[in-house]
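Structure file structure_28.cif (mmCIF, C-alpha atoms) is printed below.
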```cif
data_model
#
loop_
_atom_site.label_atom_id
_atom_site.label_comp_id
_atom_site.auth_asym_id
_atom_site.auth_seq_id
_atom_site.Cartn_x
_atom_site.Cartn_y
_atom_site.Cartn_z
CA MET A 1 25.92 -21.80 -18.68
CA LYS A 2 22.77 -21.88 -20.77
CA ASP A 3 20.66 -22.00 -17.60
CA LEU A 4 22.28 -18.87 -16.26
CA GLY A 5 21.92 -16.49 -19.16
CA GLU A 6 21.89 -15.90 -22.87
CA VAL A 7 25.03 -16.40 -24.93
CA TYR A 8 25.62 -14.51 -28.14
CA CYS A 9 28.36 -15.45 -30.53
CA LYS A 10 28.58 -15.41 -34.30
CA ASN A 11 30.41 -18.67 -34.43
CA THR A 12 27.84 -21.34 -33.56
CA SER A 13 30.31 -24.00 -32.48
CA ILE A 14 31.90 -21.68 -29.91
CA LYS A 15 28.42 -20.63 -28.79
CA LYS A 16 27.46 -24.23 -28.20
CA LYS A 17 30.63 -24.96 -26.27
CA VAL A 18 30.09 -21.95 -24.02
CA GLU A 19 26.50 -22.90 -23.39
CA GLU A 20 27.43 -26.40 -22.33
CA THR A 21 30.07 -25.23 -19.82
CA LYS A 22 29.37 -26.47 -16.31
CA VAL A 23 29.61 -23.64 -13.85
CA LEU A 24 28.47 -24.95 -10.46
CA LYS A 25 27.40 -28.22 -8.96
CA VAL A 26 24.81 -27.82 -6.25
CA LYS A 27 24.26 -30.06 -3.25
CA SER A 28 20.67 -31.11 -2.88
CA ASP A 29 19.92 -29.55 0.53
CA GLU A 30 18.03 -26.27 0.56
CA SER A 31 20.20 -23.17 0.92
CA TYR A 32 21.11 -19.86 -0.61
CA SER A 33 24.20 -19.50 -2.72
CA TYR A 34 25.63 -17.13 -5.25
CA ILE A 35 27.83 -17.23 -8.32
CA SER A 36 30.07 -14.28 -8.96
CA GLY A 37 30.86 -12.93 -12.39
CA ASN A 38 34.53 -13.78 -11.98
CA LYS A 39 33.72 -17.45 -11.49
CA ILE A 40 31.67 -17.54 -14.67
CA ILE A 41 34.44 -15.99 -16.74
CA ALA A 42 37.02 -18.31 -15.18
CA LYS A 43 35.03 -21.43 -15.96
CA ILE A 44 34.36 -20.39 -19.53
CA LEU A 45 38.02 -19.55 -20.16
CA ASP A 46 39.06 -22.89 -18.66
CA ASN A 47 36.99 -24.63 -21.25
CA ILE A 48 37.73 -22.55 -24.32
CA ASP A 49 40.70 -20.28 -24.83
CA ASN A 50 41.35 -17.44 -27.17
CA ILE A 51 37.98 -15.76 -26.86
CA ASP A 52 36.80 -12.37 -25.53
CA ILE A 53 33.98 -12.35 -23.05
CA SER A 54 31.85 -9.36 -22.10
CA ILE A 55 29.12 -9.68 -19.52
CA ILE A 56 26.13 -7.39 -20.01
CA GLY A 57 23.79 -6.81 -17.09
CA SER A 58 24.49 -7.62 -13.49
CA SER A 59 27.22 -10.16 -13.12
CA ASP A 60 26.31 -11.77 -9.81
CA ILE A 61 23.79 -14.55 -9.75
CA PHE A 62 21.79 -15.20 -6.60
CA LEU A 63 20.64 -18.79 -6.16
CA GLU A 64 17.84 -20.06 -4.02
CA ILE A 65 17.84 -23.83 -3.76
CA LYS A 66 14.59 -25.31 -2.60
CA GLY A 67 12.93 -28.66 -2.69
CA LYS A 68 9.90 -29.44 -4.77
CA GLU A 69 6.80 -28.00 -3.14
CA GLU A 70 3.74 -30.17 -3.36
CA PRO A 71 0.52 -28.18 -3.45
CA ARG A 72 -1.47 -28.74 -0.27
CA PRO A 73 -4.90 -27.18 -0.65
CA LEU A 74 -6.13 -27.92 2.87
CA LEU A 75 -3.17 -26.30 4.61
CA ASN A 76 -3.41 -23.37 2.23
CA LEU A 77 -7.07 -22.88 3.06
CA LEU A 78 -6.34 -22.94 6.80
CA LYS A 79 -3.53 -20.44 6.38
CA VAL A 80 -5.72 -18.07 4.37
CA LEU A 81 -8.47 -18.41 6.96
CA ALA A 82 -6.09 -17.67 9.84
CA VAL A 83 -4.61 -14.58 8.18
CA ALA A 84 -8.08 -13.39 7.10
CA LEU A 85 -9.37 -13.68 10.67
CA ILE A 86 -6.39 -11.82 12.07
CA LEU A 87 -6.78 -9.03 9.57
CA PHE A 88 -10.57 -8.84 9.92
CA PHE A 89 -10.63 -8.36 13.66
CA GLY A 90 -7.39 -6.46 13.71
CA SER A 91 -8.52 -3.85 11.26
CA SER A 92 -11.90 -3.43 12.98
CA MET A 93 -10.04 -2.83 16.20
CA ALA A 94 -7.74 -0.37 14.45
CA ILE A 95 -10.69 1.59 13.06
CA ILE A 96 -12.55 1.60 16.38
CA ASN A 97 -9.45 2.84 18.19
CA PHE A 98 -8.93 5.51 15.57
CA PHE A 99 -12.51 6.76 16.00
CA GLU A 100 -12.21 6.81 19.77
CA ASP A 101 -8.87 8.56 19.58
CA VAL A 102 -9.96 11.42 17.37
CA ASP A 103 -13.47 11.69 18.86
CA MET A 104 -15.09 11.09 15.51
CA LYS A 105 -18.54 11.13 17.08
CA SER A 106 -18.51 14.79 17.92
CA SER A 107 -16.83 15.84 14.70
CA LEU A 108 -19.44 14.04 12.61
CA GLU A 109 -22.23 15.55 14.70
CA ARG A 110 -20.61 18.94 14.17
CA LEU A 111 -20.38 18.31 10.44
CA HIS A 112 -24.05 17.46 10.34
CA TYR A 113 -24.83 20.68 12.17
CA ILE A 114 -22.65 22.72 9.81
CA ILE A 115 -24.41 21.39 6.74
CA THR A 116 -28.01 21.09 7.85
CA GLY A 117 -28.28 23.24 10.92
CA ARG A 118 -29.84 20.45 12.99
CA GLN A 119 -28.37 19.08 16.16
CA GLU A 120 -28.82 15.32 16.17
CA LYS A 121 -27.23 12.85 18.51
CA ASN A 122 -25.56 10.04 16.63
CA PRO A 123 -26.96 10.96 13.22
CA MET A 124 -27.48 7.84 11.18
CA ILE A 125 -27.76 9.80 7.97
CA VAL A 126 -24.08 10.64 8.37
CA THR A 127 -22.61 7.59 9.99
CA ILE A 128 -23.96 4.93 7.62
CA PRO A 129 -22.75 6.54 4.37
CA PHE A 130 -19.47 7.24 6.13
CA SER A 131 -18.95 3.57 6.92
CA LEU A 132 -19.92 2.52 3.40
CA GLY A 133 -17.51 5.09 2.05
CA ILE A 134 -14.66 3.59 4.08
CA GLY A 135 -15.16 0.24 2.41
CA LEU A 136 -15.33 1.75 -1.04
CA GLY A 137 -12.25 3.87 -0.40
CA ILE A 138 -10.14 0.88 0.60
CA TYR A 139 -11.33 -1.02 -2.45
CA ILE A 140 -10.47 1.86 -4.79
CA PHE A 141 -7.04 2.17 -3.26
CA PHE A 142 -6.06 -1.41 -3.88
CA ASN A 143 -7.81 -2.27 -7.11
CA ARG A 144 -8.76 -0.57 -10.31
CA VAL A 145 -12.33 0.27 -11.09
CA LEU A 146 -13.44 1.57 -14.45
CA SER A 147 -10.33 1.19 -16.48
CA PHE A 148 -10.61 0.18 -20.08
CA SER A 149 -7.02 -0.16 -21.17
CA LYS A 150 -5.55 -3.62 -20.74
CA ARG A 151 -2.11 -2.26 -20.05
CA ARG A 152 -3.28 -0.25 -17.11
CA LYS A 153 -5.08 -3.19 -15.60
CA GLN A 154 -1.75 -4.98 -15.31
CA GLU A 155 0.08 -2.24 -13.45
CA PRO A 156 1.11 -3.37 -9.99
CA GLY A 157 -1.03 -1.93 -7.25
CA PRO A 158 0.50 -0.53 -4.05
CA LEU A 159 0.37 -3.86 -2.28
CA GLU A 160 2.12 -5.72 -5.07
CA LEU A 161 4.72 -2.98 -5.14
CA GLU A 162 5.34 -3.34 -1.41
CA LEU A 163 5.66 -7.10 -1.77
CA TYR A 164 8.19 -6.62 -4.55
CA ILE A 165 10.22 -4.12 -2.53
CA TYR A 166 10.17 -6.39 0.51
CA ASP A 167 11.35 -9.41 -1.49
CA LYS A 168 14.03 -7.37 -3.20
CA ASN A 169 15.34 -6.08 0.13
CA ILE A 170 15.52 -9.60 1.54
CA GLU A 171 17.40 -10.89 -1.50
CA ASP A 172 19.82 -7.96 -1.52
CA SER A 173 20.57 -8.42 2.15
CA ILE A 174 21.17 -12.18 1.82
CA LEU A 175 23.41 -11.57 -1.19
CA ASP A 176 25.45 -9.05 0.78
CA ASP A 177 25.83 -11.49 3.68
CA LEU A 178 26.99 -14.24 1.34
CA LYS A 179 29.53 -11.99 -0.30
CA LYS A 180 30.95 -10.88 3.03
CA SER A 181 31.24 -14.38 4.40
CA LYS A 182 32.88 -15.96 1.33
CA MET B 14 -1.27 45.71 21.38
CA LYS B 15 -2.79 42.52 22.74
CA ILE B 16 -4.87 42.18 19.57
CA VAL B 17 -1.82 42.24 17.30
CA LEU B 18 -0.10 39.64 19.45
CA LEU B 19 -3.14 37.39 19.35
CA ILE B 20 -3.41 37.73 15.58
CA ILE B 21 0.25 36.81 15.14
CA ILE B 22 -0.11 33.80 17.43
CA GLY B 23 -3.23 32.70 15.58
CA ILE B 24 -1.64 32.92 12.17
CA SER B 25 1.49 31.07 13.21
CA ALA B 26 -0.50 28.33 14.92
CA GLY B 27 -2.57 27.93 11.77
CA LEU B 28 0.55 27.76 9.62
CA THR B 29 2.06 25.06 11.80
CA VAL B 30 -1.05 22.91 11.87
CA GLY B 31 -1.60 23.32 8.15
CA GLY B 32 2.01 22.47 7.40
CA ALA B 33 1.81 19.38 9.58
CA LEU B 34 -1.34 18.21 7.83
CA ALA B 35 0.17 18.79 4.40
CA ALA B 36 3.34 16.94 5.33
CA PHE B 37 1.33 14.03 6.67
CA ILE B 38 -0.70 13.76 3.47
CA THR B 39 2.40 14.00 1.31
CA LEU B 40 4.17 11.32 3.29
CA LEU B 41 1.42 8.84 2.83
CA ASP B 42 1.72 8.77 -0.95
CA PHE B 43 -1.92 8.26 -1.55
CA ILE B 44 -2.53 11.30 -3.74
CA PRO B 45 0.02 9.84 -6.19
CA ARG B 46 -1.95 6.63 -6.07
CA LEU B 47 -5.14 8.51 -6.96
CA ILE B 48 -3.32 10.24 -9.78
CA GLN B 49 -2.09 6.92 -11.05
CA LEU B 50 -5.60 5.47 -10.92
CA THR B 51 -7.17 8.32 -12.85
CA ASN B 52 -4.21 9.05 -15.10
CA THR B 53 -4.44 12.79 -14.58
CA ARG B 54 -0.87 13.69 -13.84
CA LYS B 55 -1.07 17.23 -15.16
CA LEU B 56 -3.77 18.25 -12.74
CA ILE B 57 -1.67 17.84 -9.62
CA LYS B 58 -1.59 21.58 -8.98
CA LEU B 59 -5.35 21.62 -9.10
CA TYR B 60 -5.49 18.82 -6.52
CA GLN B 61 -3.13 20.67 -4.22
CA ASN B 62 -5.23 23.80 -4.43
CA ILE B 63 -8.45 21.92 -3.84
CA PHE B 64 -6.97 20.29 -0.77
CA ALA B 65 -5.89 23.66 0.64
CA LEU B 66 -9.25 25.21 -0.23
CA GLY B 67 -11.17 22.44 1.49
CA GLY B 68 -9.15 22.85 4.65
CA LEU B 69 -9.66 26.62 4.57
CA ILE B 70 -13.41 26.57 4.01
CA PHE B 71 -14.20 23.92 6.57
CA SER B 72 -11.93 25.51 9.11
CA PHE B 73 -13.97 28.70 8.86
CA LEU B 74 -17.28 26.85 8.94
CA TYR B 75 -16.18 24.90 11.97
CA PHE B 76 -15.31 27.89 14.08
CA PHE B 77 -18.17 30.15 13.12
CA ASN B 78 -20.71 27.75 14.56
CA TYR B 79 -23.22 28.56 11.89
CA GLY B 80 -25.48 25.94 10.39
CA LEU B 81 -26.20 26.27 6.69
CA ARG B 82 -29.72 25.06 6.16
CA LEU B 83 -29.00 22.60 3.38
CA SER B 84 -30.92 19.39 2.90
CA ARG B 85 -30.06 16.14 4.64
CA ILE B 86 -29.27 14.46 1.34
CA ILE B 87 -26.25 16.72 0.96
CA SER B 88 -25.12 15.68 4.42
CA MET B 89 -25.39 12.05 3.35
CA ILE B 90 -23.35 12.64 0.19
CA VAL B 91 -20.66 14.62 1.96
CA SER B 92 -20.22 12.03 4.68
CA PHE B 93 -20.06 9.28 2.03
CA ILE B 94 -17.22 11.09 0.33
CA MET B 95 -15.52 11.64 3.67
CA GLY B 96 -15.79 7.91 4.25
CA ILE B 97 -14.09 7.21 0.94
CA PHE B 98 -11.24 9.52 1.95
CA THR B 99 -10.88 7.82 5.32
CA GLY B 100 -10.76 4.43 3.64
CA LEU B 101 -8.11 5.54 1.15
CA PHE B 102 -6.01 7.22 3.76
CA SER B 103 -6.14 4.50 6.33
CA SER B 104 -4.99 1.88 3.83
CA ALA B 105 -2.00 3.95 2.84
CA LEU B 106 -0.66 3.86 6.36
CA ALA B 107 2.46 1.91 7.04
CA GLU B 108 0.57 -0.40 9.33
CA VAL B 109 -1.18 -1.88 6.34
CA LEU B 110 1.38 -1.62 3.60
CA ASN B 111 4.16 -3.18 5.65
CA VAL B 112 2.23 -5.72 7.67
CA ILE B 113 0.57 -7.48 4.76
CA PRO B 114 3.78 -8.23 2.82
CA VAL B 115 5.38 -9.67 5.95
CA LEU B 116 2.34 -11.82 6.68
CA SER B 117 2.08 -13.02 3.13
CA LYS B 118 5.73 -13.95 2.99
CA LYS B 119 5.69 -15.77 6.32
CA PHE B 120 2.58 -17.71 5.40
CA LYS B 121 3.45 -18.01 1.71
CA LEU B 122 0.15 -16.57 0.50
CA LYS B 123 1.08 -14.52 -2.53
CA HIS B 124 -1.63 -15.93 -4.78
CA ASN B 125 -4.44 -15.48 -2.30
CA LEU B 126 -3.72 -11.85 -1.66
CA LYS B 127 -7.12 -10.61 -2.78
CA TYR B 128 -8.89 -12.61 -0.08
CA ILE B 129 -6.66 -11.06 2.53
CA VAL B 130 -7.30 -7.54 1.27
CA PHE B 131 -10.99 -8.32 1.23
CA ALA B 132 -10.85 -9.55 4.81
CA MET B 133 -9.22 -6.29 5.84
CA LEU B 134 -11.77 -4.25 3.92
CA LEU B 135 -14.71 -6.07 5.53
CA GLY B 136 -13.03 -5.75 8.91
CA LYS B 137 -12.70 -2.00 8.65
CA MET B 138 -16.22 -1.58 7.36
CA SER B 139 -17.83 -3.77 9.98
CA GLY B 140 -15.70 -2.19 12.71
CA SER B 141 -17.05 1.17 11.65
CA PHE B 142 -20.66 -0.06 11.59
CA TRP B 143 -20.20 -1.72 14.95
CA TYR B 144 -18.86 1.51 16.41
CA TRP B 145 -21.68 3.71 15.21
CA LEU B 146 -24.61 1.39 15.55
CA VAL B 147 -23.78 -0.77 18.54
CA MET B 148 -21.08 0.74 20.69
CA ASN B 149 -22.70 4.15 20.81
CA LYS B 150 -26.05 3.18 22.17
CA ARG B 151 -25.18 4.30 25.69
#
```
Can you dump the structure from the file as structure tokens?
Amino acid sequence: MKDLGEVYCKNTSIKKKVEETKVLKVKSDESYSYISGNKIIAKILDNIDNIDISIIGSSDIFLEIKGKEEPRPLLNLLKVLAVALILFFGSSMAIINFFEDVDMKSSLERLHYIITGRQEKNPMIVTIPFSLGIGLGIYIFFNRVLSFSKRRKQEPGPLELELYIYDKNIEDSILDDLKKSK
Amino acid sequence: MKIVLLIIIGISAGLTVGGALAAFITLLDFIPRLIQLTNTRKLIKLYQNIFALGGLIFSFLYFFNYGLRLSRIISMIVSFIMGIFTGLFSSALAEVLNVIPVLSKKFKLKHNLKYIVFAMLLGKMSGSFWYWLVMNKR
């Protein structure tokens, strides 16, 4: 019980007994499992009677049983390299397709004409700062530049938020499946 | 009579296109990200108005086919800022924000996320350079 949550009780001997209650024995193969609040209360009341229990917070516990992962730096490096290559060429292709799709060439030439009054074909004075700006824009979106407060540096960026939401959705869906099948 | 009809059609077409653009920008959630980065929540009305004003002014300038004779340095600065906008807006698309979490979960790469974002950033930048400086030589 002490691995699953915090126990509060004024009487320290009861508190110790509750904390030492065994709730679940897990087989050693990797799987997902869950412990419902009812099971916890039942096991505690089996052990000790004549007490009141109130559970604060969510009462279901979602378990993920996995083996010990040894750190493998070489495989990690290859994985990072593979994903980096995919994203590098993939995003260049995405940007090139986007430019072709919206005919960026003529709109930038038009912009140059609007501002300076000169008609230039493929104006480098416009295209090079534009490309540099794309890189800077992506960097600003994902990271923080120029922030002096420590608290704000630790706020999750949009990518971390998406990772969190994705993980949460997966866990919620597995929990629902387990509950339905039990 | 024809003039009134044309004016009505023009205004309604403009309303539709403007509404579509505004909805697209709102959906992407990247103005909230900018507000979060600069911590200027109270100025959101100002940002909305600036966005509308920019669309209005450039729409007029585009159709009137008139070249203001400003210097080339201003052209460079304006296109740099446009590039920043394109970068911000293209990374708020679902193709980025949903693909990267899936990839990082499948390959278990949560700690090395900054390399992956960097790879994407370099990819977009070099794709853009490639397009303007190499692919357009014909």
Interface list for chain A, partner chain B, 6 Å threshold, only C-alpha atoms, as a tab-separated table (two decimals) with C-alpha atoms, keeping the file's coordinate frame:
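Wrote it out as part.tsv, contents follow:
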```tsv
chain	number	residue	atom	x	y	z
A	84	ALA	CA	-8.08	-13.39	7.10
A	87	LEU	CA	-6.78	-9.03	9.57
A	88	PHE	CA	-10.57	-8.84	9.92
A	89	PHE	CA	-10.63	-8.36	13.66
A	91	SER	CA	-8.52	-3.85	11.26
A	92	SER	CA	-11.90	-3.43	12.98
A	113	TYR	CA	-24.83	20.68	12.17
A	114	ILE	CA	-22.65	22.72	9.81
A	115	ILE	CA	-24.41	21.39	6.74
A	116	THR	CA	-28.01	21.09	7.85
A	117	GLY	CA	-28.28	23.24	10.92
A	125	ILE	CA	-27.76	9.80	7.97
A	126	VAL	CA	-24.08	10.64	8.37
A	129	PRO	CA	-22.75	6.54	4.37
A	130	PHE	CA	-19.47	7.24	6.13
A	131	SER	CA	-18.95	3.57	6.92
A	133	GLY	CA	-17.51	5.09	2.05
A	134	ILE	CA	-14.66	3.59	4.08
A	135	GLY	CA	-15.16	0.24	2.41
A	136	LEU	CA	-15.33	1.75	-1.04
A	137	GLY	CA	-12.25	3.87	-0.40
A	138	ILE	CA	-10.14	0.88	0.60
A	141	PHE	CA	-7.04	2.17	-3.26
A	163	LEU	CA	5.66	-7.10	-1.77
```
Check what the PyMOL selection byres ((chain A and resi 157-161) around 7) selects in the file above and give those residues as a list of chain:residue names.
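When the PyMOL selection byres ((chain A and resi 157-161) around 7) is applied to the shown file, the picked residues are A:Phe142, A:Asn143, A:Glu155, A:Pro156, A:Glu162, A:Leu163, A:Tyr164, A:Ile165, B:Leu110.
Environment of (19.5, -30.0, -4.4): residues at most 12 Å away, judged by all atoms listed in the file, are A:Leu24, A:Lys25, A:Val26, A:Lys27, A:Ser28, A:Asp29, A:Glu30, A:Ser31, A:Tyr32, A:Ser33, A:Leu63, A:Glu64, A:Ile65, A:Lys66, A:Gly67, A:Lys68.
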Separation of CA of Met93 (chain A) from CA of Gly68 (chain B) in Å:
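Answer for the CA of Gly68 (chain B) to CA of Met93 (chain A) separation: 28.2 Å.
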Could you please determine the separation between CA of Ser173 (chain A) and CA of Asn76 (chain A) in Å, to one decimal place?
28.3 Å
Quick one: pull the distance between CA of Pro45 (chain B) and CA of Tyr60 (chain B), Å, one decimal.
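Computed distance, CA of Pro45 (chain B) to CA of Tyr60 (chain B), equals 10.5 Å.
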Find, counting all atoms listed in the file, the residue in A:Leu75, A:Ile35, A:Ile53, A:Met124 that gets nearest to Glu109 (chain A).
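Closest to Glu109 (chain A), using all atoms listed in the file: A:Met124.
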Matched chain/residue IDs from the PyMOL selection byres ((chain B and resi 21-32) around 12), as an mmCIF file with C-alpha atoms, in the frame of the given file:
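Now in selection_17.cif:
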```cif
data_model
loop_
_atom_site.group_PDB
_atom_site.id
_atom_site.type_symbol
_atom_site.label_atom_id
_atom_site.label_comp_id
_atom_site.auth_asym_id
_atom_site.auth_seq_id
_atom_site.Cartn_x
_atom_site.Cartn_y
_atom_site.Cartn_z
ATOM 1 C CA MET B 14 -1.270 45.710 21.380
ATOM 2 C CA LYS B 15 -2.790 42.520 22.740
ATOM 3 C CA ILE B 16 -4.870 42.180 19.570
ATOM 4 C CA VAL B 17 -1.820 42.240 17.300
ATOM 5 C CA LEU B 18 -0.100 39.640 19.450
ATOM 6 C CA LEU B 19 -3.140 37.390 19.350
ATOM 7 C CA ILE B 20 -3.410 37.730 15.580
ATOM 8 C CA ALA B 33 1.810 19.380 9.580
ATOM 9 C CA LEU B 34 -1.340 18.210 7.830
ATOM 10 C CA ALA B 35 0.170 18.790 4.400
ATOM 11 C CA ALA B 36 3.340 16.940 5.330
ATOM 12 C CA PHE B 37 1.330 14.030 6.670
ATOM 13 C CA ILE B 38 -0.700 13.760 3.470
ATOM 14 C CA THR B 39 2.400 14.000 1.310
ATOM 15 C CA PHE B 64 -6.970 20.290 -0.770
ATOM 16 C CA ALA B 65 -5.890 23.660 0.640
ATOM 17 C CA LEU B 66 -9.250 25.210 -0.230
ATOM 18 C CA GLY B 67 -11.170 22.440 1.490
ATOM 19 C CA GLY B 68 -9.150 22.850 4.650
ATOM 20 C CA LEU B 69 -9.660 26.620 4.570
ATOM 21 C CA SER B 72 -11.930 25.510 9.110
ATOM 22 C CA PHE B 73 -13.970 28.700 8.860
#
```
